[in-house]
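The structure appears below as structure tokens.
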Amino acid sequence: MKTNLMIESTSEDELIGKLRAMLKDLIPSQKPCNEVNVLLTRQEVADYFQVSFQTLHNWKRHKKLIPINVGTRVYYRKSDIDDIANGKGVSHEV
């Protein structure tokens with residue numbers, strides 16, 4: 001898609017608006033950046049559900065909540081936490 005843009009008689013606000021419209025057409029719709037790949041720590045998840053680390057470990061064994069290991073650290077996807085909080089199971093495989 002080729003678009004001509006005249007800058008000479010365009011105000012700054014009009015130019016920004018036109019550029020945003022062009023970028024919106026070029027970039028596919030995605031989730032807002034703050035929702036994609038958000039990871040929570042074990043402590044945050046334990047506090048949220050008011051459970052112990054042992055319970056989180058048991059959920060891992062029973063594949064109720066699958067953690068992500070980054071080196072020696074353990075994280076959980078926020079999307080998985082939201083699914084469990086809404087009564088859904090975790091949908092991805094280990």
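Residues are named by chain letter and number: chains run A, B, ... in the order of the structure tokens, numbers start at 1 in each chain, and ligands are numbered from 1 in the order shown.
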
| All residues 10 Å or closer to A:Phe49, only C-alpha atoms, same chain fewer than 3 positions away omitted, as a list in words | Glu44, Val45, Ala46, Ser52, Thr55, Leu56, Ile81, Ile84 and Ala85 of chain A

| message | Using only C-alpha atoms, which protein or nucleic acid residues come within 12 Å of A:Leu40? Drop anything in the same chain fewer than 4 positions from it, and give the result as a count of residues only. | response | 20
